[in-house]
>>> print(open('final_3.txt').read())   # compact mmCIF, C-alpha atoms
# COMPACT_ATOMS: atom_id res chain seq x y z
CA MET A 1 -16.56 -2.02 17.62
CA SER A 2 -17.00 0.58 14.89
CA MET A 3 -17.88 -0.60 11.42
CA PRO A 4 -16.55 1.20 8.35
CA SER A 5 -18.67 3.49 6.24
CA VAL A 6 -20.09 2.75 2.82
CA GLN A 7 -18.38 4.68 0.00
CA PRO A 8 -20.33 7.73 -1.22
CA ALA A 9 -22.55 7.15 -4.25
CA PRO A 10 -20.36 7.72 -7.36
CA HIS A 11 -23.21 9.43 -9.26
CA ALA A 12 -23.47 12.25 -6.71
CA SER A 13 -21.78 15.55 -7.54
CA ALA A 14 -18.14 16.03 -6.63
CA CYS A 15 -19.11 18.77 -4.19
CA ASP A 16 -21.64 16.53 -2.43
CA ARG A 17 -19.23 13.60 -2.23
CA LEU A 18 -16.49 15.87 -0.90
CA GLU A 19 -18.73 17.28 1.82
CA ALA A 20 -19.66 13.74 2.85
CA ALA A 21 -15.95 12.88 3.05
CA LEU A 22 -15.14 16.01 5.06
CA SER A 23 -17.97 15.27 7.49
CA ARG A 24 -16.51 11.82 8.10
CA ILE A 25 -13.05 13.33 8.63
CA ALA A 26 -14.60 15.66 11.22
CA ASP A 27 -16.36 12.77 13.02
CA PRO A 28 -14.38 12.14 16.24
CA GLU A 29 -15.28 8.45 16.20
CA ARG A 30 -13.43 8.07 12.91
CA GLN A 31 -10.31 9.79 14.30
CA GLY A 32 -9.86 11.97 11.22
CA ALA A 33 -7.49 14.28 13.08
CA MET A 34 -5.03 11.38 13.31
CA VAL A 35 -5.86 9.77 9.97
CA PHE A 36 -4.89 13.01 8.18
CA THR A 37 -1.76 15.04 8.84
CA GLU A 38 -3.10 17.85 6.61
CA ILE A 39 -6.65 18.51 5.42
CA TYR A 40 -7.09 20.67 2.30
CA ALA A 41 -10.76 21.48 2.76
CA GLU A 42 -10.96 24.81 0.90
CA GLU A 43 -8.63 23.80 -1.92
CA ALA A 44 -10.63 20.58 -2.30
CA ARG A 45 -13.91 22.50 -2.40
CA SER A 46 -12.56 24.67 -5.21
CA ALA A 47 -11.38 21.59 -7.13
CA ALA A 48 -14.71 19.82 -6.64
CA ALA A 49 -16.68 22.85 -7.81
CA ALA A 50 -14.46 23.13 -10.90
CA SER A 51 -15.05 19.44 -11.63
CA ASP A 52 -18.81 19.86 -11.35
CA ARG A 53 -18.69 22.82 -13.73
CA ARG A 54 -16.73 20.74 -16.26
CA ALA A 55 -19.25 17.91 -15.93
CA ALA A 56 -22.16 20.29 -16.52
CA ALA A 57 -20.43 21.65 -19.62
CA GLY A 58 -19.56 18.18 -20.95
CA ARG A 59 -15.82 18.83 -20.62
CA SER A 60 -14.79 16.10 -18.17
CA LEU A 61 -11.05 15.48 -17.87
CA GLY A 62 -11.67 11.73 -17.66
CA PRO A 63 -12.80 9.06 -15.20
CA LEU A 64 -10.73 10.47 -12.31
CA ASP A 65 -12.28 13.93 -12.65
CA GLY A 66 -14.04 14.79 -9.41
CA ARG A 67 -12.96 11.65 -7.53
CA ILE A 68 -11.93 12.28 -3.91
CA VAL A 69 -8.29 11.23 -3.37
CA SER A 70 -6.07 11.20 -0.28
CA VAL A 71 -2.27 11.34 -0.51
CA LYS A 72 0.23 9.71 1.86
CA ALA A 73 2.29 12.18 3.90
CA LEU A 74 5.57 11.34 2.14
CA PHE A 75 4.43 12.97 -1.14
CA ASP A 76 5.35 16.59 -1.71
CA VAL A 77 2.45 19.04 -1.85
CA ALA A 78 3.43 22.55 -2.90
CA GLY A 79 3.62 24.95 0.04
CA ASP A 80 3.82 22.26 2.73
CA VAL A 81 6.64 20.54 4.57
CA THR A 82 7.01 16.83 3.78
CA ALA A 83 7.70 15.24 7.16
CA ALA A 84 7.12 11.60 6.07
CA GLY A 85 5.77 10.76 9.52
CA SER A 86 8.88 11.96 11.36
CA ALA A 87 9.27 14.70 13.94
CA ILE A 88 12.84 15.46 12.87
CA LEU A 89 11.73 16.46 9.36
CA ARG A 90 9.07 18.96 10.47
CA GLY A 91 11.61 21.79 10.42
CA ARG A 92 12.57 21.32 6.78
CA PRO A 93 11.59 24.01 4.27
CA ALA A 94 8.23 23.75 2.57
CA THR A 95 8.42 22.22 -0.88
CA GLY A 96 7.95 24.47 -3.88
CA ARG A 97 6.05 22.04 -6.08
CA ASP A 98 3.90 18.94 -6.05
CA ALA A 99 5.30 15.44 -6.37
CA LYS A 100 4.94 14.20 -9.93
CA ALA A 101 2.16 11.80 -8.96
CA VAL A 102 0.25 14.56 -7.16
CA ALA A 103 0.60 16.85 -10.17
CA ARG A 104 -0.77 14.12 -12.44
CA LEU A 105 -3.73 13.57 -10.13
CA ARG A 106 -4.56 17.27 -10.21
CA ALA A 107 -4.23 17.37 -14.00
CA ALA A 108 -6.70 14.50 -14.23
CA GLY A 109 -9.23 16.41 -12.11
CA ALA A 110 -8.78 14.55 -8.84
CA VAL A 111 -9.98 16.35 -5.70
CA ILE A 112 -7.15 15.99 -3.17
CA VAL A 113 -8.69 16.08 0.27
CA GLY A 114 -5.52 15.83 2.35
CA ARG A 115 -2.34 13.97 3.30
CA THR A 116 -2.58 10.84 5.41
CA HIS A 117 -0.93 9.30 8.46
CA MET A 118 2.00 6.96 7.97
CA THR A 119 4.62 5.21 10.04
CA GLU A 120 7.88 7.11 10.54
CA PHE A 121 9.83 7.24 7.23
CA ALA A 122 7.47 4.42 6.08
CA PHE A 123 9.83 2.12 7.98
CA SER A 124 7.39 -0.33 9.59
CA ALA A 125 4.34 -2.37 8.68
CA VAL A 126 2.32 -2.09 11.88
CA GLY A 127 0.73 1.36 11.50
CA ILE A 128 1.65 3.13 14.74
CA ASN A 129 3.60 6.38 15.08
CA PRO A 130 4.63 8.02 18.39
CA HIS A 131 4.87 11.44 16.74
CA TYR A 132 1.43 11.54 15.11
CA GLY A 133 -0.69 9.15 17.18
CA ASN A 134 -2.08 5.72 16.49
CA PRO A 135 -5.33 5.72 14.50
CA GLY A 136 -7.31 2.52 14.87
CA ASN A 137 -8.43 -0.06 12.36
CA PRO A 138 -11.83 0.91 10.87
CA HIS A 139 -13.24 -2.48 11.91
CA ASP A 140 -12.08 -2.20 15.52
CA ARG A 141 -10.47 1.03 16.75
CA SER A 142 -8.47 -0.84 19.40
CA ARG A 143 -6.50 -2.62 16.66
CA VAL A 144 -3.76 -1.49 14.30
CA PRO A 145 -4.64 -0.55 10.70
CA GLY A 146 -1.35 -1.83 9.27
CA GLY A 147 1.30 0.33 7.66
CA SER A 148 3.14 2.11 6.50
CA SER A 149 0.23 3.55 4.44
CA SER A 150 -2.01 3.42 7.51
CA GLY A 151 -4.05 6.57 6.98
CA ALA A 152 -4.45 5.75 3.29
CA ALA A 153 -6.32 2.54 4.04
CA ILE A 154 -8.42 4.08 6.80
CA SER A 155 -9.38 7.02 4.59
CA VAL A 156 -10.79 4.68 1.94
CA ILE A 157 -12.56 2.22 4.24
CA ASP A 158 -14.05 4.99 6.39
CA GLY A 159 -15.33 6.99 3.41
CA MET A 160 -12.95 9.94 3.92
CA ALA A 161 -11.62 9.44 0.39
CA GLU A 162 -12.59 7.27 -2.55
CA ILE A 163 -9.05 6.34 -3.61
CA ALA A 164 -5.72 6.78 -1.79
CA LEU A 165 -2.20 7.28 -3.11
CA GLY A 166 0.42 5.48 -1.07
CA SER A 167 3.77 3.73 -1.32
CA ASP A 168 5.08 0.20 -0.85
CA THR A 169 8.66 -0.80 -0.01
CA GLY A 170 8.04 -4.16 1.66
CA GLY A 171 4.24 -4.32 1.72
CA SER A 172 3.12 -0.85 2.79
CA LEU A 173 0.13 -0.75 0.42
CA ARG A 174 -0.90 -4.39 0.72
CA ILE A 175 -0.51 -4.86 4.48
CA PRO A 176 -2.93 -2.08 5.55
CA ALA A 177 -5.26 -3.13 2.74
CA ALA A 178 -5.30 -6.68 4.09
CA LEU A 179 -5.72 -5.72 7.75
CA SER A 180 -8.34 -3.04 7.04
CA GLY A 181 -10.35 -4.66 4.24
CA ALA A 182 -9.30 -2.71 1.13
CA VAL A 183 -7.57 -3.37 -2.20
CA GLY A 184 -3.86 -2.45 -2.33
CA PHE A 185 -1.77 -2.65 -5.49
CA LYS A 186 2.04 -2.53 -5.72
CA PRO A 187 3.23 -2.11 -9.32
CA SER A 188 6.50 -3.27 -10.80
CA ALA A 189 9.42 -1.03 -9.85
CA GLY A 190 9.67 2.14 -11.90
CA ARG A 191 6.23 1.81 -13.47
CA LEU A 192 5.00 4.93 -11.66
CA SER A 193 7.24 7.91 -10.98
CA ALA A 194 8.25 8.40 -7.33
CA GLU A 195 9.70 11.86 -8.04
CA GLY A 196 8.83 14.11 -5.10
CA ALA A 197 8.16 11.23 -2.70
CA PHE A 198 10.40 10.89 0.36
CA PRO A 199 12.42 7.71 -0.27
CA LEU A 200 12.70 4.87 2.19
CA SER A 201 14.57 2.63 -0.26
CA PRO A 202 15.02 3.79 -3.86
CA THR A 203 15.83 0.18 -4.74
CA LEU A 204 12.53 -1.21 -3.45
CA ASP A 205 10.09 1.71 -3.30
CA ALA A 206 6.99 1.68 -5.47
CA ILE A 207 4.02 4.02 -5.40
CA GLY A 208 0.47 2.89 -5.98
CA PRO A 209 -3.18 2.91 -4.90
CA ILE A 210 -5.35 1.71 -2.07
CA ALA A 211 -8.98 1.59 -3.13
CA ALA A 212 -12.33 0.02 -2.33
CA ASN A 213 -12.21 -2.15 -5.46
CA VAL A 214 -9.88 -3.29 -8.22
CA ALA A 215 -11.43 -0.95 -10.82
CA ASP A 216 -10.53 2.14 -8.80
CA ALA A 217 -7.02 0.84 -8.11
CA ALA A 218 -6.56 0.23 -11.84
CA LEU A 219 -7.89 3.70 -12.62
CA LEU A 220 -5.29 5.41 -10.45
CA ASP A 221 -2.57 3.16 -11.88
CA SER A 222 -3.56 4.06 -15.44
CA ILE A 223 -3.57 7.80 -14.75
CA LEU A 224 -0.15 7.73 -13.10
CA SER A 225 1.38 5.46 -15.73
CA ASP A 226 -0.03 7.38 -18.74
CA GLY A 227 -1.96 4.25 -19.64
CA ASP A 228 -5.46 3.71 -20.97
CA PRO A 229 -7.97 4.98 -18.37
CA ALA A 230 -10.80 2.94 -19.94
CA PRO A 231 -12.62 0.71 -17.45
CA LEU A 232 -10.71 -2.47 -16.66
CA ALA A 233 -12.30 -5.64 -18.04
CA PRO A 234 -12.23 -8.53 -15.55
CA VAL A 235 -10.42 -11.59 -16.90
CA SER A 236 -12.42 -14.83 -16.86
CA LEU A 237 -10.96 -17.33 -14.42
CA ALA A 238 -12.00 -20.28 -16.57
CA GLY A 239 -8.77 -22.15 -17.29
CA GLN A 240 -6.65 -19.52 -15.51
CA SER A 241 -3.80 -21.20 -13.62
CA PHE A 242 -2.67 -20.10 -10.15
CA LEU A 243 0.22 -21.41 -8.07
CA VAL A 244 -0.32 -21.42 -4.31
CA ALA A 245 3.16 -21.03 -2.83
CA ARG A 246 2.91 -23.48 0.06
CA GLY A 247 5.84 -23.92 2.39
CA ARG A 248 7.45 -21.45 4.74
CA LEU A 249 5.19 -18.58 3.61
CA PHE A 250 2.33 -20.42 5.34
CA ASP A 251 4.21 -20.99 8.62
CA GLY A 252 2.44 -19.66 11.71
CA ILE A 253 -0.70 -18.62 9.86
CA GLU A 254 -3.65 -17.83 12.14
CA PRO A 255 -6.53 -20.31 11.84
CA ALA A 256 -8.97 -17.54 10.88
CA VAL A 257 -6.68 -16.41 8.06
CA ALA A 258 -6.11 -19.97 6.86
CA ALA A 259 -9.84 -20.74 6.82
CA ALA A 260 -10.72 -17.58 4.89
CA PHE A 261 -7.89 -18.11 2.39
CA GLU A 262 -8.80 -21.75 1.68
CA ALA A 263 -12.47 -20.80 1.29
CA ALA A 264 -11.42 -18.14 -1.20
CA LEU A 265 -9.48 -20.75 -3.19
CA ASP A 266 -12.63 -22.86 -3.32
CA ARG A 267 -14.49 -19.92 -4.85
CA LEU A 268 -11.79 -19.52 -7.48
CA ARG A 269 -12.02 -23.22 -8.36
CA ALA A 270 -15.80 -22.91 -8.62
CA ALA A 271 -15.25 -20.09 -11.12
CA GLY A 272 -13.16 -22.41 -13.29
CA ALA A 273 -9.65 -21.55 -12.12
CA GLN A 274 -6.92 -24.18 -11.90
CA VAL A 275 -5.39 -23.83 -8.44
CA VAL A 276 -2.12 -25.74 -8.12
CA ASP A 277 -0.21 -26.30 -4.89
CA GLY A 278 3.52 -25.72 -5.21
CA ALA A 279 6.39 -23.86 -3.58
CA VAL A 280 9.11 -21.32 -4.25
CA GLU A 281 11.51 -22.61 -1.61
CA ALA A 282 14.65 -22.39 -3.79
CA GLU A 283 13.89 -18.75 -4.55
CA LEU A 284 13.27 -18.05 -0.87
CA ASP A 285 16.59 -19.68 0.00
CA ALA A 286 18.29 -17.26 -2.38
CA LEU A 287 16.45 -14.38 -0.72
CA ALA A 288 17.61 -15.54 2.69
CA ASP A 289 21.19 -15.48 1.42
CA LEU A 290 20.72 -11.85 0.43
CA ASP A 291 19.16 -10.99 3.80
CA ARG A 292 22.24 -12.33 5.56
CA ILE A 293 24.34 -9.65 3.84
CA GLY A 294 22.19 -6.66 4.75
CA VAL A 295 18.88 -4.80 4.49
CA PHE A 296 18.25 -2.29 1.69
CA THR A 297 15.79 -0.17 3.66
CA ALA A 298 18.12 0.47 6.61
CA ILE A 299 21.17 1.19 4.42
CA GLU A 300 19.39 3.49 1.97
CA LEU A 301 17.41 5.40 4.61
CA ALA A 302 20.61 6.03 6.56
CA ALA A 303 22.16 7.43 3.37
CA THR A 304 19.13 9.67 2.67
CA LEU A 305 19.20 11.16 6.16
CA ALA A 306 22.95 11.75 5.90
CA ASP A 307 22.41 13.58 2.59
CA LEU A 308 19.89 15.81 4.37
CA GLY A 309 22.53 16.63 6.98
CA ILE A 310 20.70 14.74 9.73
CA THR A 311 23.35 13.11 11.87
CA ALA A 312 21.67 13.30 15.31
CA LEU A 313 18.94 10.67 15.43
CA ASP A 314 17.67 11.47 18.95
CA GLY A 315 14.22 12.54 17.74
CA ILE A 316 13.52 9.27 15.93
CA ASP A 317 11.36 6.51 17.45
CA PRO A 318 13.79 4.09 19.15
CA LYS A 319 12.04 1.20 17.36
CA THR A 320 13.25 2.76 14.10
CA ARG A 321 16.48 4.43 15.18
CA ALA A 322 18.40 1.23 15.93
CA ARG A 323 17.74 -0.13 12.42
CA ILE A 324 18.88 3.13 10.79
CA GLU A 325 22.08 3.19 12.83
CA ALA A 326 22.83 -0.39 11.81
CA GLY A 327 22.24 0.47 8.16
CA GLY A 328 24.61 3.41 8.35
CA LYS A 329 27.44 1.08 9.38
CA ALA A 330 27.03 -1.32 6.46
CA PRO A 331 30.18 -1.65 4.28
CA ALA A 332 29.88 -0.31 0.73
CA ALA A 333 31.10 -3.65 -0.63
CA ASP A 334 28.16 -5.40 1.03
CA TYR A 335 25.72 -2.97 -0.59
CA VAL A 336 27.16 -3.70 -4.03
CA ARG A 337 26.92 -7.42 -3.35
CA MET A 338 23.28 -6.97 -2.35
CA GLN A 339 22.44 -5.19 -5.59
CA ASN A 340 24.09 -7.97 -7.60
CA ARG A 341 22.30 -10.68 -5.61
CA ARG A 342 18.95 -8.95 -6.11
CA ALA A 343 19.45 -8.78 -9.87
CA ALA A 344 20.00 -12.53 -9.81
CA LEU A 345 16.89 -13.00 -7.66
CA ILE A 346 14.77 -11.14 -10.18
CA ARG A 347 15.97 -13.36 -13.01
CA LEU A 348 15.46 -16.49 -10.91
CA MET A 349 11.86 -15.71 -10.04
CA ASP A 350 11.00 -14.58 -13.55
CA GLU A 351 12.12 -17.96 -14.82
CA ARG A 352 10.16 -19.71 -12.07
CA LEU A 353 6.94 -17.96 -13.13
CA THR A 354 7.08 -18.91 -16.80
CA ARG A 355 4.77 -21.89 -16.22
CA HIS A 356 2.46 -20.46 -13.53
CA PRO A 357 2.62 -16.68 -13.93
CA VAL A 358 0.43 -15.82 -10.91
CA LEU A 359 1.23 -16.77 -7.31
CA LEU A 360 -1.42 -16.76 -4.58
CA LEU A 361 -0.70 -16.30 -0.87
CA PRO A 362 -2.35 -14.96 2.25
CA THR A 363 -1.25 -11.32 2.21
CA VAL A 364 -0.30 -11.50 5.88
CA PRO A 365 -0.45 -14.47 8.28
CA MET A 366 -2.57 -12.73 10.92
CA THR A 367 -5.52 -10.47 11.52
CA ALA A 368 -4.92 -7.05 13.05
CA PRO A 369 -3.39 -7.19 16.54
CA THR A 370 -4.31 -4.68 19.21
CA ILE A 371 -2.51 -1.36 19.46
CA ALA A 372 -1.80 -2.04 23.15
CA TYR A 373 -0.02 -5.29 22.28
CA VAL A 374 2.39 -3.79 19.72
CA LEU A 375 3.43 -0.88 21.94
CA ASP A 376 5.80 -3.34 23.64
CA ASP A 377 9.09 -3.30 21.72
CA ALA A 378 9.54 -7.05 21.51
CA ALA A 379 5.94 -7.58 20.37
CA PHE A 380 6.25 -4.78 17.83
CA HIS A 381 9.28 -6.34 16.16
CA ARG A 382 7.68 -9.81 16.12
CA VAL A 383 4.51 -8.47 14.49
CA ASN A 384 6.42 -6.25 12.08
CA LEU A 385 8.51 -9.15 10.78
CA ALA A 386 5.47 -11.40 10.47
CA LEU A 387 3.48 -8.79 8.55
CA LEU A 388 6.33 -8.21 6.09
CA ARG A 389 7.23 -11.85 5.49
CA ASN A 390 4.96 -12.58 2.52
CA THR A 391 4.56 -9.13 1.02
CA ARG A 392 8.27 -8.29 0.83
CA VAL A 393 8.76 -11.18 -1.62
CA ALA A 394 7.16 -9.00 -4.32
CA ASN A 395 9.50 -6.08 -3.61
CA LEU A 396 12.74 -8.07 -3.52
CA PHE A 397 11.86 -10.07 -6.66
CA ASP A 398 10.28 -7.01 -8.35
CA LEU A 399 6.84 -8.52 -8.94
CA PRO A 400 3.57 -6.60 -9.28
CA ALA A 401 1.30 -7.66 -6.43
CA ILE A 402 -2.22 -6.92 -5.25
CA SER A 403 -4.08 -7.67 -2.02
CA LEU A 404 -7.81 -8.32 -2.18
CA PRO A 405 -10.20 -8.66 0.77
CA VAL A 406 -11.77 -12.11 1.04
CA PRO A 407 -15.01 -13.10 2.78
CA ALA A 408 -14.16 -13.73 6.43
CA ASP A 409 -15.86 -14.07 9.78
CA GLY A 410 -14.62 -11.27 12.00
CA LEU A 411 -11.62 -9.13 11.15
CA PRO A 412 -10.50 -8.60 7.52
CA VAL A 413 -8.30 -11.11 5.71
CA GLY A 414 -6.38 -10.48 2.49
CA LEU A 415 -5.49 -12.69 -0.47
CA MET A 416 -2.40 -11.61 -2.42
CA ALA A 417 -1.83 -12.29 -6.11
CA MET A 418 1.68 -11.74 -7.50
CA GLY A 419 2.49 -11.72 -11.22
CA ARG A 420 5.55 -11.73 -13.44
CA ARG A 421 7.65 -8.57 -13.56
CA GLY A 422 6.04 -6.04 -15.90
CA SER A 423 2.68 -7.87 -16.10
CA ASP A 424 0.90 -5.12 -14.16
CA ARG A 425 -2.18 -4.55 -16.32
CA SER A 426 -2.62 -8.26 -16.92
CA LEU A 427 -2.46 -8.88 -13.17
CA LEU A 428 -5.05 -6.15 -12.54
CA GLY A 429 -7.41 -7.78 -15.02
CA ILE A 430 -6.94 -11.15 -13.34
CA ALA A 431 -7.46 -9.50 -9.94
CA ALA A 432 -10.75 -8.07 -11.18
CA GLY A 433 -11.77 -11.60 -12.13
CA ILE A 434 -10.74 -12.88 -8.69
CA GLU A 435 -12.69 -10.06 -7.06
CA ALA A 436 -15.83 -10.99 -9.01
CA ALA A 437 -15.46 -14.64 -8.00
CA LEU A 438 -14.99 -13.70 -4.32
CA LEU A 439 -18.01 -11.42 -4.30
CA GLY A 440 -20.22 -13.77 -6.32
>>> encode(input="final_3.txt", output="C-alpha cells")
Amino acid sequence: MSMPSVQPAPHASACDRLEAALSRIADPERQGAMVFTEIYAEEARSAAAASDRRAAAGRSLGPLDGRIVSVKALFDVAGDVTAAGSAILRGRPATGRDAKAVARLRAAGAVIVGRTHMTEFAFSAVGINPHYGNPGNPHDRSRVPGGSSSGAAISVIDGMAEIALGSDTGGSLRIPAALSGAVGFKPSAGRLSAEGAFPLSPTLDAIGPIAANVADAALLDSILSDGDPAPLAPVSLAGQSFLVARGRLFDGIEPAVAAAFEAALDRLRAAGAQVVDGAVEAELDALADLDRIGVFTAIELAATLADLGITALDGIDPKTRARIEAGGKAPAADYVRMQNRRAALIRLMDERLTRHPVLLLPTVPMTAPTIAYVLDDAAFHRVNLALLRNTRVANLFDLPAISLPVPADGLPVGLMAMGRRGSDRSLLGIAAGIEAALLG
C-alpha cells in the first residue's frame, strides 16, 4: 500500500513548490505518466518564476498567484489537441486558444503543471481508461481512483498539484474526491463557464475544483466565477439544520462507509448542528420517471460526436460505445420531454429544500474497488451505477454539492452536502464549518 503525500508547504516559493510537484510526477511509484496526459514543465517553470518575481516586488495577482494547478484533459489548452480521454479524438486539430477557465487561471497567476487523466469522454465514474491506462488510487494503487476526474484527484492527493480543475456531469468531481480522500465541489449549473471544455452533456455538465481542503476549492470557485477571492469564513454549525436523506439512497451501503458516515454525523451534532432524519422519496420517484424516458449523457454525447463528423465508433471502449449508440437512437420528442421533466424536477426539489436547505448523504455507497474487479464488463457497470446513484441527484436537480473526506479506518469515505440551487457560496461556508468539525 502506498500512502499519499503531504501537500507542499504553502509558504515556500512557487518555484520550489513546482519542483516538488514535478519530482512527484516523475516518481514511478506515483504513476505520474498515467496521471497526466500532458506535462507542461517548462511553461510551468516560467509561470512560477514570474509569480515569484511578482511576490518579491509586492505585485501579487491575488491568492491564486503561484499556486500549482492541474487541468482535466477535456479543457482546451492552446497548441494541444483536446482528446477528452478518447483515442478517436487524438487526430483532431490542436486548439488555438485556452478554455475560458484555463485563461482565467493563467490571468490569476496560477501555475498550470499539466492536463490530467480522465475516463473516455468523461462518461463513467470508475476511473479506468483502456486508451490511457488505469492509474491507481493514492491510498492503494491496486484500487480505482474514481472518475471521471481521476487524474485530478490523484494529482492533489499525491502532491503533484495543489488544486485541480475538473468537471462533473453525474458526480465526476465528487466521486474521485470521495474514493481518494479529497474535497470535490460541483457548483450550480452555469455558475462557471464551460466554454472550451469538451461536453459530455451540456444540460448537466458543471466545472469545478478538487482540492485538499474547502478553502482551496472555494478559492478556485471564486476566481472562475469572478467572485470575492477573500478567504472563506467557516460557518458555525451551532443551530445549523441538516436533513439526512434516508431511504433508497442508503440502500446497499458498505458497513465501513455507514460507520464512518454515522460517526461524522455525531461530530456535527457535537458541534451544535441539528441533524434531522428524513427522505426525498417523492423527488426520487419523479427522477425515476425521467430516467425511464432516456439518459441525457448518452443522447447529448451522441449528438456532439455526430457534429464532429464521427460516425464510426469502432475506436471507442465497448463499455462506452453501446451507451452512445443507444443515445443516438433516442427520438427527438423524448429528448424534449426529458428537458420539460427536468425543469419540473428542479422546481420540486427547490420547494422541498425550503425548510432544510442542506442535505447530507454518503457521497458513494462503497470504498474503492480493485482495478482487477472492474475490468469485467458486468462488474464495471454494477460499480458505475452504484457510484453515480447519490451524486447524480445534484446534477439532475441542479443543486450545488460538495464531497468532504471523513475520518475512517482504512480506505477513504466521503460525506456529501447538497444545497439549494444557487446557494453555492453559502454551501461552501457551511462545508468549511463541517470540515472544521470533522477535523476537530
>>> closest_atom_pairs(input="final_3.txt", of="region 190-252 of chain A", to="region 63-76 of chain A", cutoff="12 Å", atoms="all atoms listed in the file", output="CSV")
residue,atom,partner,partner_atom,distance
A:Ser193,CA,A:Phe75,CA,11.4
A:Ala194,CA,A:Phe75,CA,8.6
A:Glu195,CA,A:Phe75,CA,8.8
A:Gly196,CA,A:Asp76,CA,5.5
A:Ala197,CA,A:Phe75,CA,4.4
A:Phe198,CA,A:Leu74,CA,5.2
A:Pro199,CA,A:Leu74,CA,8.1
A:Leu200,CA,A:Leu74,CA,9.6
A:Asp205,CA,A:Leu74,CA,11.9
A:Ile207,CA,A:Phe75,CA,9.9
A:Gly208,CA,A:Lys72,CA,10.4
A:Pro209,CA,A:Val71,CA,9.5
A:Ile210,CA,A:Ser70,CA,9.7
A:Ala211,CA,A:Val69,CA,9.7
A:Ala212,CA,A:Val69,CA,12.0
A:Ala215,CA,A:Pro63,CA,11.0
A:Asp216,CA,A:Leu64,CA,9.0
A:Ala217,CA,A:Leu64,CA,11.1
A:Ala218,CA,A:Leu64,CA,11.1
A:Leu219,CA,A:Leu64,CA,7.3
A:Leu220,CA,A:Leu64,CA,7.7
A:Asp221,CA,A:Leu64,CA,11.0
A:Ser222,CA,A:Leu64,CA,10.1
A:Ile223,CA,A:Leu64,CA,8.0
A:Leu224,CA,A:Leu64,CA,11.0
A:Asp228,CA,A:Pro63,CA,10.8
A:Pro229,CA,A:Pro63,CA,7.1
A:Ala230,CA,A:Pro63,CA,8.0
A:Pro231,CA,A:Pro63,CA,8.6
A:Leu232,CA,A:Pro63,CA,11.8
>>> residues_around(input="final_3.txt", residues="Arg341 (chain A)", least_positions_apart="3", cutoff="10 Å", atoms="all atoms listed in the file", output="list in words")
Ala286, Leu287, Asp289, Leu290, Asp291, Ile293, Tyr335, Val336, Arg337, Met338, Ala344, Leu345 and Ile346 of chain A
>>> residues_around(input="final_3.txt", residues="Arg143 (chain A)", least_positions_apart="4", cutoff="10 Å", atoms="all atoms listed in the file", output="PyMOL selection string")
chain A and resi 127+134-139+179-180+367-374+411
>>> write_last_selection(input="final_3.txt", atoms="C-alpha atoms", output="compact mmCIF listing (two decimals), in the frame of the given file")
# COMPACT_ATOMS: atom_id res chain seq x y z
CA GLY A 127 0.73 1.36 11.50
CA ASN A 134 -2.08 5.72 16.49
CA PRO A 135 -5.33 5.72 14.50
CA GLY A 136 -7.31 2.52 14.87
CA ASN A 137 -8.43 -0.06 12.36
CA PRO A 138 -11.83 0.91 10.87
CA HIS A 139 -13.24 -2.48 11.91
CA LEU A 179 -5.72 -5.72 7.75
CA SER A 180 -8.34 -3.04 7.04
CA THR A 367 -5.52 -10.47 11.52
CA ALA A 368 -4.92 -7.05 13.05
CA PRO A 369 -3.39 -7.19 16.54
CA THR A 370 -4.31 -4.68 19.21
CA ILE A 371 -2.51 -1.36 19.46
CA ALA A 372 -1.80 -2.04 23.15
CA TYR A 373 -0.02 -5.29 22.28
CA VAL A 374 2.39 -3.79 19.72
CA LEU A 411 -11.62 -9.13 11.15
>>> residues_near_point(input="final_3.txt", point="(14.8, 4.4, -2.3)", cutoff="12 Å", atoms="all atoms listed in the file", output="ChimeraX atom specification")
/A:121-123,167-170,189-190,194-207,296-305,395
>>> atom_distance(input="final_3.txt", atom1="CA of Cys15 (chain A)", atom2="CA of Ser150 (chain A)")
25.8 Å
>>> residues_around(input="final_3.txt", residues="region 157-162 of chain A", least_positions_apart="6", cutoff="10 Å", atoms="all atoms listed in the file", output="ChimeraX atom specification")
/A:3-8,10,17-26,30-32,35-36,67-71,111-114,137-139,151,177,180-183,210-213,216
>>> closest_residue(input="final_3.txt", among="A:Lys100, A:Arg342, A:Lys329, A:Arg191", to="Arg421 (chain A)", atoms="only C-alpha atoms")
A:Arg191
>>> atom_distance(input="final_3.txt", atom1="CA of Ser426 (chain A)", atom2="CA of Ser225 (chain A)")
14.3 Å
>>> closest_residue(input="final_3.txt", among="A:Ala263, A:Ile324, A:Val214, A:Ala306", to="Pro234 (chain A)", atoms="only C-alpha atoms")
A:Val214
>>> residues_around(input="final_3.txt", residues="Pro255 (chain A)", least_positions_apart="2", cutoff="12 Å", atoms="only C-alpha atoms", output="list in words")
Phe250, Asp251, Gly252, Ile253, Val257, Ala258, Ala259, Ala260, Phe261, Glu262, Pro362, Pro365, Met366, Thr367, Ala408, Asp409 and Val413 of chain A
>>> atom_distance(input="final_3.txt", atom1="CA of Ala152 (chain A)", atom2="CA of Gly433 (chain A)")
24.3 Å
>>> residues_around(input="final_3.txt", residues="Leu313 (chain A)", least_positions_apart="3", cutoff="12 Å", atoms="all atoms listed in the file", output="PyMOL selection string")
chain A and resi 86-89+302+305-306+309-310+316-325+328
>>> closest_residue(input="final_3.txt", among="A:Leu265, A:Leu399, A:Leu353, A:Val126", to="Phe380 (chain A)", atoms="all atoms listed in the file")
A:Val126
>>> decode(input="final_3.txt", residues="region 194-207 of chain A", atoms="C-alpha atoms", output="PDB file, in the first residue's frame")
ATOM      1  CA  ALA A 194     -17.552  25.597 -19.578  1.00  0.00           C
ATOM      2  CA  GLU A 195     -16.512  27.336 -22.816  1.00  0.00           C
ATOM      3  CA  GLY A 196     -13.628  25.373 -24.314  1.00  0.00           C
ATOM      4  CA  ALA A 197     -14.375  22.184 -22.368  1.00  0.00           C
ATOM      5  CA  PHE A 198     -15.356  19.075 -24.329  1.00  0.00           C
ATOM      6  CA  PRO A 199     -19.033  18.491 -23.461  1.00  0.00           C
ATOM      7  CA  LEU A 200     -20.409  15.209 -22.219  1.00  0.00           C
ATOM      8  CA  SER A 201     -23.858  16.666 -21.525  1.00  0.00           C
ATOM      9  CA  PRO A 202     -24.397  20.417 -21.905  1.00  0.00           C
ATOM     10  CA  THR A 203     -27.568  20.002 -19.845  1.00  0.00           C
ATOM     11  CA  LEU A 204     -25.790  18.504 -16.835  1.00  0.00           C
ATOM     12  CA  ASP A 205     -22.116  19.469 -17.135  1.00  0.00           C
ATOM     13  CA  ALA A 206     -20.535  21.668 -14.486  1.00  0.00           C
ATOM     14  CA  ILE A 207     -16.889  22.545 -13.999  1.00  0.00           C
TER      15      ILE A 207
END
